[in-house]
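Pasted below: structure_19.txt, compact mmCIF, C-alpha atoms and all ligand atoms.
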# COMPACT_ATOMS: atom_id res chain seq x y z
CA MET P 21 0.00 0.00 0.00
CA PHE P 22 1.32 3.46 -0.86
CA THR P 23 1.49 5.95 1.98
CA PRO P 24 3.84 8.92 2.36
CA LEU P 25 5.40 7.17 5.37
CA ASN P 26 6.10 4.00 3.40
CA TRP P 27 7.63 6.06 0.65
CA LEU P 28 9.91 7.86 3.08
CA LEU P 29 10.93 4.60 4.78
CA GLY P 30 11.68 3.12 1.38
CA LEU P 31 14.22 5.83 0.64
CA PHE P 32 16.34 4.99 3.66
CA SER P 33 15.68 1.36 4.42
CA LEU P 34 17.82 -1.60 3.48
CA ASP P 35 16.76 -3.95 0.73
CA ILE P 36 18.05 -7.40 1.47
CA GLY P 37 18.09 -10.63 -0.53
CA ILE P 38 18.69 -13.82 1.42
CA ASP P 39 19.69 -17.24 0.20
CA LEU P 40 18.62 -19.50 3.03
CA GLY P 41 20.57 -22.45 1.73
CA THR P 42 20.77 -25.93 3.17
CA ALA P 43 24.55 -25.57 3.36
CA ASN P 44 25.25 -21.81 3.28
CA THR P 45 23.29 -18.68 4.06
CA LEU P 46 24.13 -15.56 2.06
CA VAL P 47 22.84 -12.03 2.56
CA ASN P 48 22.93 -9.50 -0.24
CA VAL P 49 22.37 -5.84 0.67
CA ARG P 50 21.40 -3.44 -2.06
CA GLY P 51 24.32 -1.22 -2.97
CA ARG P 52 26.76 -3.26 -0.89
CA GLY P 53 26.62 -6.74 -2.39
CA ILE P 54 27.11 -9.98 -0.44
CA VAL P 55 27.77 -8.94 3.17
CA ILE P 56 27.26 -12.32 4.82
CA ASN P 57 28.26 -15.75 3.57
CA GLU P 58 28.26 -18.30 6.35
CA PRO P 59 27.45 -21.99 6.82
CA SER P 60 23.81 -22.67 7.78
CA TRP P 61 24.81 -24.20 11.10
CA VAL P 62 23.52 -23.53 14.60
CA ALA P 63 25.00 -24.87 17.84
CA ILE P 64 22.33 -25.34 20.49
CA GLU P 65 22.29 -26.25 24.12
CA LYS P 66 20.43 -29.57 24.32
CA SER P 67 18.49 -28.95 27.52
CA THR P 68 17.17 -25.46 26.70
CA ARG P 69 17.37 -25.63 22.87
CA LYS P 70 18.91 -22.17 23.05
CA ALA P 71 21.20 -21.12 20.17
CA LEU P 72 24.77 -20.72 21.45
CA ALA P 73 26.58 -20.07 18.19
CA ILE P 74 25.48 -19.44 14.62
CA GLY P 75 27.17 -19.69 11.23
CA SER P 76 30.93 -20.21 10.93
CA GLU P 77 31.35 -20.29 14.68
CA ALA P 78 28.80 -23.11 14.98
CA ARG P 79 30.38 -25.05 12.14
CA GLN P 80 33.76 -24.95 13.89
CA MET P 81 32.13 -26.89 16.70
CA VAL P 82 30.90 -29.76 14.52
CA GLY P 83 32.18 -33.09 15.75
CA ARG P 84 33.86 -31.40 18.71
CA THR P 85 30.90 -30.48 20.91
CA PRO P 86 30.68 -31.48 24.57
CA ALA P 87 27.73 -33.66 25.61
CA ASN P 88 25.28 -30.83 26.32
CA ILE P 89 25.80 -29.00 23.02
CA VAL P 90 24.77 -30.14 19.57
CA ALA P 91 25.56 -28.51 16.23
CA ILE P 92 22.82 -28.84 13.62
CA ARG P 93 21.87 -27.73 10.13
CA PRO P 94 18.23 -26.72 10.51
CA LEU P 95 17.60 -26.75 6.74
CA ARG P 96 19.55 -29.86 5.93
CA ASP P 97 16.92 -31.41 3.67
CA GLY P 98 15.76 -28.16 2.14
CA VAL P 99 12.80 -27.61 4.40
CA ILE P 100 12.46 -25.87 7.71
CA SER P 101 12.31 -28.83 10.02
CA GLU P 102 13.52 -26.81 12.97
CA PHE P 103 11.43 -23.66 12.92
CA GLU P 104 12.69 -21.93 16.07
CA ILE P 105 16.30 -22.60 15.18
CA THR P 106 15.89 -21.37 11.62
CA GLN P 107 14.27 -18.26 13.01
CA ALA P 108 17.19 -17.66 15.39
CA MET P 109 19.55 -18.03 12.46
CA LEU P 110 17.63 -15.60 10.25
CA GLU P 111 17.36 -13.14 13.10
CA TYR P 112 21.11 -13.27 13.67
CA PHE P 113 21.99 -12.78 9.99
CA ILE P 114 19.42 -10.04 9.34
CA GLY P 115 20.51 -8.30 12.54
CA LYS P 116 24.15 -8.55 11.51
CA ALA P 117 23.47 -7.05 8.07
CA HIS P 118 21.38 -4.32 9.66
CA GLU P 119 24.03 -3.45 12.26
CA GLN P 120 26.65 -2.97 9.57
CA SER P 121 24.98 0.19 8.27
CA LEU P 122 26.65 3.35 9.47
CA VAL P 123 23.51 5.35 10.13
CA PRO P 124 20.43 4.13 11.99
CA VAL P 125 18.04 2.88 9.32
CA PRO P 126 14.47 1.55 9.37
CA ARG P 127 13.94 -2.17 9.44
CA PRO P 128 14.77 -3.84 6.11
CA ARG P 129 12.63 -5.21 3.29
CA VAL P 130 13.69 -8.80 2.74
CA VAL P 131 13.32 -11.29 -0.09
CA VAL P 132 14.07 -14.88 0.90
CA GLY P 133 14.72 -17.74 -1.49
CA ILE P 134 12.80 -20.95 -0.74
CA PRO P 135 13.13 -24.33 -2.47
CA SER P 136 10.50 -24.84 -5.18
CA GLY P 137 7.71 -27.16 -4.28
CA VAL P 138 7.69 -26.40 -0.55
CA THR P 139 4.31 -26.66 1.13
CA GLU P 140 2.10 -23.75 2.11
CA VAL P 141 2.96 -24.44 5.74
CA GLU P 142 6.70 -24.27 5.04
CA LYS P 143 6.30 -21.02 3.08
CA ARG P 144 4.43 -19.51 5.97
CA ALA P 145 7.14 -20.67 8.34
CA VAL P 146 9.85 -18.85 6.36
CA TYR P 147 7.67 -15.76 6.03
CA ASP P 148 6.91 -15.67 9.76
CA ALA P 149 10.55 -16.31 10.64
CA THR P 150 11.63 -13.39 8.44
CA ILE P 151 9.10 -11.01 9.96
CA SER P 152 9.92 -12.02 13.50
CA ALA P 153 13.60 -11.73 12.63
CA GLY P 154 13.02 -8.00 12.17
CA ALA P 155 11.99 -7.48 8.54
CA ARG P 156 9.58 -4.63 7.85
CA GLU P 157 8.29 -6.47 4.79
CA ALA P 158 9.04 -10.03 3.73
CA PHE P 159 8.72 -11.63 0.31
CA LEU P 160 9.40 -15.15 -0.88
CA ILE P 161 10.92 -16.26 -4.15
CA GLU P 162 11.51 -19.75 -5.42
CA GLU P 163 15.24 -20.50 -5.33
CA PRO P 164 15.59 -21.56 -8.98
CA MET P 165 13.88 -18.30 -10.00
CA ALA P 166 16.27 -16.27 -7.84
CA ALA P 167 19.22 -18.28 -9.15
CA ALA P 168 18.16 -17.62 -12.75
CA ILE P 169 17.78 -13.88 -12.14
CA GLY P 170 21.14 -13.80 -10.36
CA ALA P 171 22.73 -15.68 -13.25
CA GLY P 172 21.33 -13.10 -15.67
CA LEU P 173 18.98 -15.44 -17.56
CA PRO P 174 16.24 -13.65 -19.53
CA ILE P 175 13.41 -15.23 -17.52
CA THR P 176 10.79 -12.59 -18.37
CA GLU P 177 11.18 -13.11 -22.13
CA SER P 178 9.09 -15.60 -24.08
CA ARG P 179 12.29 -17.37 -25.11
CA GLY P 180 12.81 -20.32 -22.74
CA SER P 181 15.76 -20.63 -20.39
CA MET P 182 16.91 -23.30 -17.97
CA ILE P 183 18.76 -23.49 -14.67
CA VAL P 184 20.15 -26.39 -12.64
CA ASP P 185 21.05 -25.37 -9.08
CA ILE P 186 22.93 -28.01 -7.10
CA GLY P 187 23.20 -27.08 -3.43
CA GLY P 188 24.02 -29.13 -0.34
CA GLY P 189 20.64 -30.75 0.34
CA THR P 190 18.70 -30.25 -2.86
CA THR P 191 19.09 -30.01 -6.60
CA GLU P 192 16.60 -27.77 -8.36
CA VAL P 193 15.95 -27.92 -12.07
CA ALA P 194 13.70 -25.30 -13.66
CA ILE P 195 12.70 -24.11 -17.11
CA PHE P 196 11.40 -20.54 -17.47
CA SER P 197 9.39 -18.54 -19.92
CA LEU P 198 7.50 -15.25 -19.62
CA GLY P 199 8.53 -14.71 -16.01
CA GLY P 200 7.18 -18.04 -14.83
CA ILE P 201 8.47 -21.53 -14.12
CA VAL P 202 7.13 -23.87 -16.80
CA ILE P 203 8.70 -27.11 -15.58
CA SER P 204 10.50 -27.76 -12.33
CA ARG P 205 12.05 -30.64 -10.42
CA SER P 206 13.42 -30.65 -6.91
CA ILE P 207 15.28 -33.67 -5.58
CA ARG P 208 17.14 -34.37 -2.36
CA VAL P 209 20.27 -35.50 -4.09
CA ALA P 210 23.01 -32.86 -4.15
CA GLY P 211 26.36 -32.08 -2.50
CA ASP P 212 25.60 -33.84 0.82
CA GLU P 213 24.60 -37.03 -0.96
CA MET P 214 27.86 -36.90 -2.93
CA ASP P 215 29.77 -36.70 0.36
CA GLU P 216 27.73 -39.65 1.61
CA ASP P 217 28.66 -41.59 -1.56
CA VAL P 218 32.33 -41.03 -0.79
CA ILE P 219 31.90 -42.21 2.81
CA GLN P 220 30.12 -45.38 1.63
CA TYR P 221 32.74 -46.05 -1.01
CA MET P 222 35.61 -45.82 1.50
CA ARG P 223 33.75 -48.05 3.90
CA SER P 224 32.91 -50.81 1.45
CA LYS P 225 36.10 -50.80 -0.60
CA TYR P 226 38.72 -50.02 2.06
CA ASN P 227 36.97 -50.65 5.39
CA LEU P 228 37.88 -47.06 6.17
CA LEU P 229 35.56 -44.91 8.23
CA ILE P 230 35.95 -41.24 7.29
CA GLY P 231 34.12 -38.13 8.49
CA GLU P 232 31.82 -35.86 6.50
CA ARG P 233 34.34 -33.07 6.29
CA MET P 234 37.06 -35.37 4.94
CA ALA P 235 34.61 -36.68 2.33
CA GLU P 236 33.64 -33.14 1.29
CA ARG P 237 37.28 -32.07 1.04
CA ALA P 238 38.09 -35.05 -1.17
CA LYS P 239 35.11 -34.25 -3.40
CA ILE P 240 36.06 -30.58 -3.78
CA GLU P 241 39.81 -31.08 -4.19
CA CYS P 242 39.88 -34.26 -6.22
CA GLY P 243 36.34 -35.26 -7.25
CA SER P 244 35.05 -35.08 -10.82
CA ALA P 245 32.26 -36.12 -13.13
CA PHE P 246 34.29 -36.37 -16.32
CA ALA P 247 37.76 -37.69 -17.12
CA LEU P 248 40.33 -35.16 -15.88
CA PRO P 249 43.17 -33.96 -18.14
CA GLU P 250 45.48 -35.30 -15.45
CA GLU P 251 44.18 -37.78 -12.89
CA ARG P 252 45.25 -37.11 -9.27
CA THR P 253 45.28 -38.77 -5.86
CA PHE P 254 43.91 -37.74 -2.50
CA THR P 255 45.01 -38.98 0.92
CA MET P 256 41.98 -40.18 2.87
CA ARG P 257 42.44 -40.33 6.61
CA GLY P 258 40.12 -42.24 8.89
CA ARG P 259 39.79 -45.29 11.07
CA ASN P 260 40.13 -48.81 9.79
CA LEU P 261 36.95 -50.61 10.76
CA ILE P 262 38.67 -53.95 11.25
CA THR P 263 41.79 -52.98 13.18
CA GLY P 264 40.14 -49.97 14.80
CA LEU P 265 43.33 -48.01 14.15
CA PRO P 266 43.93 -44.76 12.22
CA GLU P 267 44.82 -45.33 8.61
CA ALA P 268 45.60 -43.33 5.47
CA VAL P 269 44.56 -44.48 2.00
CA GLU P 270 45.76 -42.98 -1.29
CA LEU P 271 42.65 -42.69 -3.42
CA SER P 272 42.81 -41.92 -7.12
CA SER P 273 40.55 -39.38 -8.77
CA ILE P 274 39.29 -42.23 -10.97
CA GLU P 275 38.01 -44.07 -7.89
CA LEU P 276 36.52 -40.88 -6.55
CA ARG P 277 34.67 -40.33 -9.81
CA GLU P 278 33.30 -43.85 -9.53
CA ALA P 279 32.17 -43.09 -5.96
CA LEU P 280 30.36 -39.92 -7.05
CA SER P 281 28.79 -41.44 -10.15
CA THR P 282 25.53 -42.57 -8.54
CA SER P 283 24.55 -39.08 -7.41
CA VAL P 284 25.82 -37.49 -10.61
CA GLN P 285 23.68 -39.90 -12.62
CA ILE P 286 20.57 -39.09 -10.56
CA VAL P 287 21.06 -35.38 -11.21
CA ILE P 288 21.48 -36.03 -14.94
CA ASP P 289 18.39 -38.26 -15.04
CA THR P 290 16.41 -35.47 -13.38
CA ILE P 291 17.57 -32.98 -16.01
CA LYS P 292 16.57 -35.42 -18.77
CA ASP P 293 13.25 -36.00 -17.10
CA ALA P 294 12.51 -32.24 -17.03
CA LEU P 295 13.54 -31.89 -20.68
CA GLU P 296 11.25 -34.75 -21.67
CA GLU P 297 8.27 -32.85 -20.32
CA THR P 298 9.20 -29.54 -21.90
CA PRO P 299 6.99 -28.37 -24.78
CA PRO P 300 8.75 -28.57 -28.17
CA GLU P 301 8.88 -24.80 -28.77
CA LEU P 302 10.76 -24.33 -25.52
CA ILE P 303 13.07 -27.24 -26.30
CA ALA P 304 13.98 -25.47 -29.52
CA ASP P 305 14.84 -22.33 -27.50
CA LEU P 306 16.88 -24.32 -24.99
CA MET P 307 18.89 -25.92 -27.78
CA GLU P 308 20.10 -22.42 -28.59
CA SER P 309 20.39 -20.93 -25.14
CA GLY P 310 21.67 -24.03 -23.34
CA ILE P 311 21.58 -24.95 -19.65
CA CYS P 312 22.98 -22.70 -16.93
CA MET P 313 24.28 -24.39 -13.77
CA ALA P 314 24.50 -22.72 -10.36
CA GLY P 315 25.09 -23.60 -6.70
CA GLY P 316 28.17 -25.04 -5.02
CA GLY P 317 27.58 -28.60 -6.22
CA SER P 318 27.73 -27.50 -9.86
CA GLN P 319 31.38 -26.63 -9.31
CA LEU P 320 32.28 -30.32 -9.22
CA ALA P 321 35.10 -30.67 -11.75
CA GLY P 322 33.91 -31.78 -15.18
CA LEU P 323 30.22 -31.68 -14.28
CA THR P 324 29.19 -29.18 -16.94
CA GLU P 325 31.11 -31.21 -19.56
CA ARG P 326 29.45 -34.40 -18.36
CA VAL P 327 25.94 -32.93 -18.53
CA ALA P 328 26.64 -31.41 -21.95
CA ASP P 329 27.83 -34.80 -23.16
CA ASP P 330 24.80 -36.66 -21.80
CA VAL P 331 22.01 -34.31 -22.91
CA ASN P 332 23.73 -33.05 -26.02
CA MET P 333 23.27 -29.37 -25.21
CA ARG P 334 25.46 -26.40 -24.36
CA VAL P 335 25.99 -26.24 -20.58
CA TRP P 336 27.79 -23.55 -18.63
CA LEU P 337 28.50 -22.58 -15.05
CA ALA P 338 26.98 -19.26 -13.95
CA GLU P 339 29.44 -16.55 -13.03
CA ASP P 340 29.92 -16.51 -9.25
CA SER P 341 27.65 -19.57 -9.10
CA MET P 342 27.39 -19.77 -5.30
CA THR P 343 25.94 -16.26 -4.91
CA CYS P 344 23.30 -16.35 -7.68
CA VAL P 345 20.32 -16.93 -5.38
CA ALA P 346 21.19 -14.10 -2.96
CA ARG P 347 21.97 -11.65 -5.76
CA GLY P 348 18.84 -12.66 -7.68
CA ALA P 349 16.63 -12.27 -4.61
CA GLY P 350 18.11 -8.81 -4.03
CA ARG P 351 17.52 -7.81 -7.66
CA VAL P 352 13.77 -8.27 -7.29
CA LEU P 353 13.53 -5.30 -4.94
CA GLU P 354 15.67 -3.15 -7.23
CA ASP P 355 13.35 -3.80 -10.14
CA TYR P 356 10.19 -4.33 -8.13
CA ASP P 357 7.73 -3.12 -10.77
CA ASN P 358 8.95 -5.60 -13.36
CA LEU P 359 9.87 -8.48 -11.15
CA ARG P 360 7.32 -8.57 -8.34
CA ARG P 361 5.24 -11.05 -10.32
CA VAL P 362 7.96 -13.65 -9.88
CA LEU P 363 7.45 -13.58 -6.10
CA VAL P 364 5.56 -16.37 -4.38
CA GLY P 365 2.20 -15.50 -2.86
CA LEU P 366 0.97 -16.77 0.47
CA GLU P 367 -2.51 -18.09 1.06
CA ARG P 368 -4.39 -16.08 3.64
CA GLY P 369 -4.65 -17.54 7.08
CA SER P 370 -2.12 -20.34 6.62
CA THR P 371 0.06 -20.86 9.64
CA HIS P 372 2.97 -23.07 10.58
CA HIS P 373 1.40 -24.47 13.72
P1 LIG P 401 22.92 -24.55 -0.49
O1 LIG P 401 22.33 -23.63 -1.49
O2 LIG P 401 22.12 -25.81 -0.30
O3 LIG P 401 23.25 -23.87 0.80
P2 LIG P 401 25.47 -24.26 -1.85
O4 LIG P 401 25.03 -23.73 -3.17
O5 LIG P 401 26.09 -23.28 -0.90
O6 LIG P 401 24.30 -25.07 -1.11
O7 LIG P 401 26.49 -25.46 -2.14
C1 LIG P 401 27.01 -26.22 -1.11
C2 LIG P 401 27.48 -27.55 -1.67
O8 LIG P 401 28.42 -27.31 -2.73
C3 LIG P 401 28.21 -28.40 -0.64
O9 LIG P 401 27.73 -29.73 -0.73
C4 LIG P 401 29.67 -28.31 -1.09
O10 LIG P 401 30.39 -29.48 -0.76
C5 LIG P 401 29.52 -28.19 -2.57
N1 LIG P 401 30.69 -27.61 -3.25
C6 LIG P 401 31.25 -26.40 -3.05
N2 LIG P 401 32.32 -26.22 -3.85
C7 LIG P 401 32.45 -27.37 -4.57
C8 LIG P 401 33.37 -27.83 -5.57
N3 LIG P 401 34.40 -27.08 -5.99
N4 LIG P 401 33.17 -29.06 -6.09
C9 LIG P 401 32.14 -29.83 -5.68
N5 LIG P 401 31.26 -29.46 -4.76
C10 LIG P 401 31.40 -28.25 -4.20
MG MG P 402 21.12 -22.94 -2.86

For the file at hand, write its structure as structure tokens.
Amino acid sequence: MFTPLNWLLGLFSLDIGIDLGTANTLVNVRGRGIVINEPSWVAIEKSTRKALAIGSEARQMVGRTPANIVAIRPLRDGVISEFEITQAMLEYFIGKAHEQSLVPVPRPRVVVGIPSGVTEVEKRAVYDATISAGAREAFLIEEPMAAAIGAGLPITESRGSMIVDIGGGTTEVAIFSLGGIVISRSIRVAGDEMDEDVIQYMRSKYNLLIGERMAERAKIECGSAFALPEERTFTMRGRNLITGLPEAVELSSIELREALSTSVQIVIDTIKDALEETPPELIADLMESGICMAGGGSQLAGLTERVADDVNMRVWLAEDSMTCVARGAGRVLEDYDNLRRVLVGLERGSTHH
């Protein structure tokens, strides 16, 4: 609603885009860019469920917490399973972004990215969490839409475009035309599942028990989805399950590719599945424009080449692929008149309880 007061507030207030990711939360402030980029982790005291540390500080504690503290990822599977904790996290990040401004400013307007296909109840939960975290106005946008805007895809044109966003907990595939999502897929196979693949592989082939962080490091430093120009090795450290003693295993990048292949194949099958349902006119557009990939998981070495090879289309990695969602969400407020129709509406009266 337009009132002189709203107009005045708008001139001074912060416009914030938030990527509430399953692995990382990013906050983009208009005019300042990405001001927060921290892991979506919260350390809580078990007895009171009070948040003791949030973001990087909480992640440091993972695997090292004393008995009364537990470090969790409240969005692990892409949905808000832990409402109060997610709210504490949002509050902390919005507050932090707000504090960084030099002059006292009104409470911010916030656009938050949510996974596509979340339920009405989950949408309401994110909306409520954003408002109670201190936003003056809160808007929701589907993550693949925000990613596409952040990647600079022409989503409002009639010409079709396509994004594949591989995060920690979820992979989102979406095809756009005329400012809307025509086809979308959201699966719970992404970066975390790849780490899990590596853990399973080490266990069954080498009887070596490794931790999540070791698995992730191996994936990032030495993992791939396509033959590398020069194959490498990675030293896996863990505990031998038979002797119970610490052990190091030299793993080749070829073995690591084999370990990751199940998840990679699932992602590719999902892309194919979405393409199969796409109307022919849009397919013709996509054959020209290609597929844009975003999110941390898309940075897996050789993944764009592998997808291109399998679906026979041009595939590229978005520039600054891990910040697309936060930048795209922020963009909506900058170009509100043109882009507000891409926002997600809420049904009246829905509530998270
Ligand atoms: P989310 O949006 O769910 O928070 P992100 O887009 O931040 O997720 O991506 C996080 C995931 O990306 C993690 O699983 C991480 O291991 C993975 N990742 C980050 N960099 C790389 C890389 N170079 N190669 C493979 N995976 C990567
Ligand atoms: Mg994401």

Do you have, as JSON lines, the list of residues of segment 161-261 of chain P lying at most 10 Å from segment 346-352 of chain P, each with its nearest atom pair and that distance in Å to one decimal, counting all atoms listed in the file and ordered by chain then number?
{"residue": "P:Ile161", "atom": "CA", "partner": "P:Ala349", "partner_atom": "CA", "distance": 7.0}
{"residue": "P:Glu162", "atom": "CA", "partner": "P:Ala349", "partner_atom": "CA", "distance": 9.1}
{"residue": "P:Glu163", "atom": "CA", "partner": "P:Ala349", "partner_atom": "CA", "distance": 8.4}
{"residue": "P:Pro164", "atom": "CA", "partner": "P:Gly348", "partner_atom": "CA", "distance": 9.6}
{"residue": "P:Met165", "atom": "CA", "partner": "P:Gly348", "partner_atom": "CA", "distance": 7.9}
{"residue": "P:Ala166", "atom": "CA", "partner": "P:Gly348", "partner_atom": "CA", "distance": 4.4}
{"residue": "P:Ala167", "atom": "CA", "partner": "P:Gly348", "partner_atom": "CA", "distance": 5.8}
{"residue": "P:Ala168", "atom": "CA", "partner": "P:Gly348", "partner_atom": "CA", "distance": 7.1}
{"residue": "P:Ile169", "atom": "CA", "partner": "P:Gly348", "partner_atom": "CA", "distance": 4.7}
{"residue": "P:Gly170", "atom": "CA", "partner": "P:Gly348", "partner_atom": "CA", "distance": 3.7}
{"residue": "P:Ala171", "atom": "CA", "partner": "P:Gly348", "partner_atom": "CA", "distance": 7.4}
{"residue": "P:Gly172", "atom": "CA", "partner": "P:Gly348", "partner_atom": "CA", "distance": 8.4}

Have a look at atom CA of Gly188 of chain P and atom CA of Ile288 of chain P and let me know their distance in Å, one decimal. 16.3 Å

With only C-alpha atoms and all ligand atoms counted, collect every polymer residue having an atom within 6 Å of ligand MG 402 (chain P); state the result as a list of chain:residue names.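 So, counting only C-alpha atoms and all ligand atoms, the residues near ligand MG 402 (chain P) are P:Gly41, P:Gly187, P:Gly315.
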
With the cut-off set at 7 Å and counting only C-alpha atoms and all ligand atoms, tabulate each residue of chain P with an atom at most that distance from an atom of ligand LIG 401 (chain P), showing the nearest atom pair and its distance in Å to one decimal, ordered by chain and increasing number, as JSON lines.
{"residue": "P:Leu40", "atom": "CA", "partner": "P:LIG401", "partner_atom": "O3", "distance": 6.7}
{"residue": "P:Gly41", "atom": "CA", "partner": "P:LIG401", "partner_atom": "O3", "distance": 3.2}
{"residue": "P:Thr42", "atom": "CA", "partner": "P:LIG401", "partner_atom": "O2", "distance": 3.7}
{"residue": "P:Ala43", "atom": "CA", "partner": "P:LIG401", "partner_atom": "O3", "distance": 3.3}
{"residue": "P:Asn44", "atom": "CA", "partner": "P:LIG401", "partner_atom": "O3", "distance": 3.8}
{"residue": "P:Thr45", "atom": "CA", "partner": "P:LIG401", "partner_atom": "O3", "distance": 6.1}
{"residue": "P:Ile186", "atom": "CA", "partner": "P:LIG401", "partner_atom": "O4", "distance": 6.2}
{"residue": "P:Gly187", "atom": "CA", "partner": "P:LIG401", "partner_atom": "O6", "distance": 3.3}
{"residue": "P:Gly188", "atom": "CA", "partner": "P:LIG401", "partner_atom": "O9", "distance": 3.8}
{"residue": "P:Gly189", "atom": "CA", "partner": "P:LIG401", "partner_atom": "O2", "distance": 5.2}
{"residue": "P:Thr190", "atom": "CA", "partner": "P:LIG401", "partner_atom": "O2", "distance": 6.2}
{"residue": "P:Ala210", "atom": "CA", "partner": "P:LIG401", "partner_atom": "O9", "distance": 6.6}
{"residue": "P:Gly211", "atom": "CA", "partner": "P:LIG401", "partner_atom": "O9", "distance": 3.2}
{"residue": "P:Asp212", "atom": "CA", "partner": "P:LIG401", "partner_atom": "O9", "distance": 4.9}
{"residue": "P:Glu236", "atom": "CA", "partner": "P:LIG401", "partner_atom": "O10", "distance": 5.3}
{"residue": "P:Lys239", "atom": "CA", "partner": "P:LIG401", "partner_atom": "C9", "distance": 5.8}
{"residue": "P:Ile240", "atom": "CA", "partner": "P:LIG401", "partner_atom": "N4", "distance": 4.0}
{"residue": "P:Glu241", "atom": "CA", "partner": "P:LIG401", "partner_atom": "N3", "distance": 7.0}
{"residue": "P:Gly315", "atom": "CA", "partner": "P:LIG401", "partner_atom": "O4", "distance": 3.5}
{"residue": "P:Gly316", "atom": "CA", "partner": "P:LIG401", "partner_atom": "O8", "distance": 3.2}
{"residue": "P:Gly317", "atom": "CA", "partner": "P:LIG401", "partner_atom": "O8", "distance": 3.8}
{"residue": "P:Ser318", "atom": "CA", "partner": "P:LIG401", "partner_atom": "N5", "distance": 6.5}
{"residue": "P:Gln319", "atom": "CA", "partner": "P:LIG401", "partner_atom": "C8", "distance": 4.4}
{"residue": "P:Leu320", "atom": "CA", "partner": "P:LIG401", "partner_atom": "N4", "distance": 3.5}
{"residue": "P:Ala321", "atom": "CA", "partner": "P:LIG401", "partner_atom": "N4", "distance": 6.2}
{"residue": "P:Met342", "atom": "CA", "partner": "P:LIG401", "partner_atom": "O4", "distance": 5.1}

Between atom CA of Met333 of chain P and atom CA of Lys292 of chain P, distance in Å (one decimal): 11.1 Å

Atom CA of Val132 of chain P to atom CA of Arg156 of chain P, distance in Å rounded to a single decimal: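 So the two atoms, atom CA of Val132 of chain P and atom CA of Arg156 of chain P, lie 13.2 Å apart.
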
Out of P:Leu228, P:Val130, P:Met81, P:Ile89, which residue has the shortest atom-to-atom distance to Ile262 of chain P when counting all atoms listed in the file?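 For Ile262 of chain P, the nearest of the candidates is P:Leu228.
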
May I ask which of the residues P:Val362, P:Ala247, P:Leu110, P:Val184 is the closest one to Ile56 of chain P, counting all atoms listed in the file?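 Closest to Ile56 of chain P, using all atoms listed in the file: P:Leu110.
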
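Residues lying within 12 Å of Glu297 of chain P, counting only C-alpha atoms and ignoring same-chain neighbours fewer than 4 positions away, are Ala194, Ile195, Val202, Ile203, Ser204, Arg205, Thr290, Ile291, Lys292, Asp293, Glu301, Leu302 and Ile303 of chain P.
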
Given the choices P:Leu306, P:Ile274, P:Leu160, P:Leu198, which gets closest to Glu140 of chain P if the distance is worked out from only C-alpha atoms?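 Looking at the shortest contact to Glu140 of chain P, the residue is P:Leu160.
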
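Distances here use all atoms listed in the file; by that measure, the residue among P:Asp289, P:Glu250, P:Glu367, P:Asp329 closest to Ser272 of chain P is P:Glu250.
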
Please provide as an NGL selection string all residues within 8 Å of segment 277-281 of chain P, with the sequence filter that same-chain residues fewer than 6 positions apart are discarded (counting all atoms listed in the file). :P and (214 or 217-218 or 221 or 243-246)
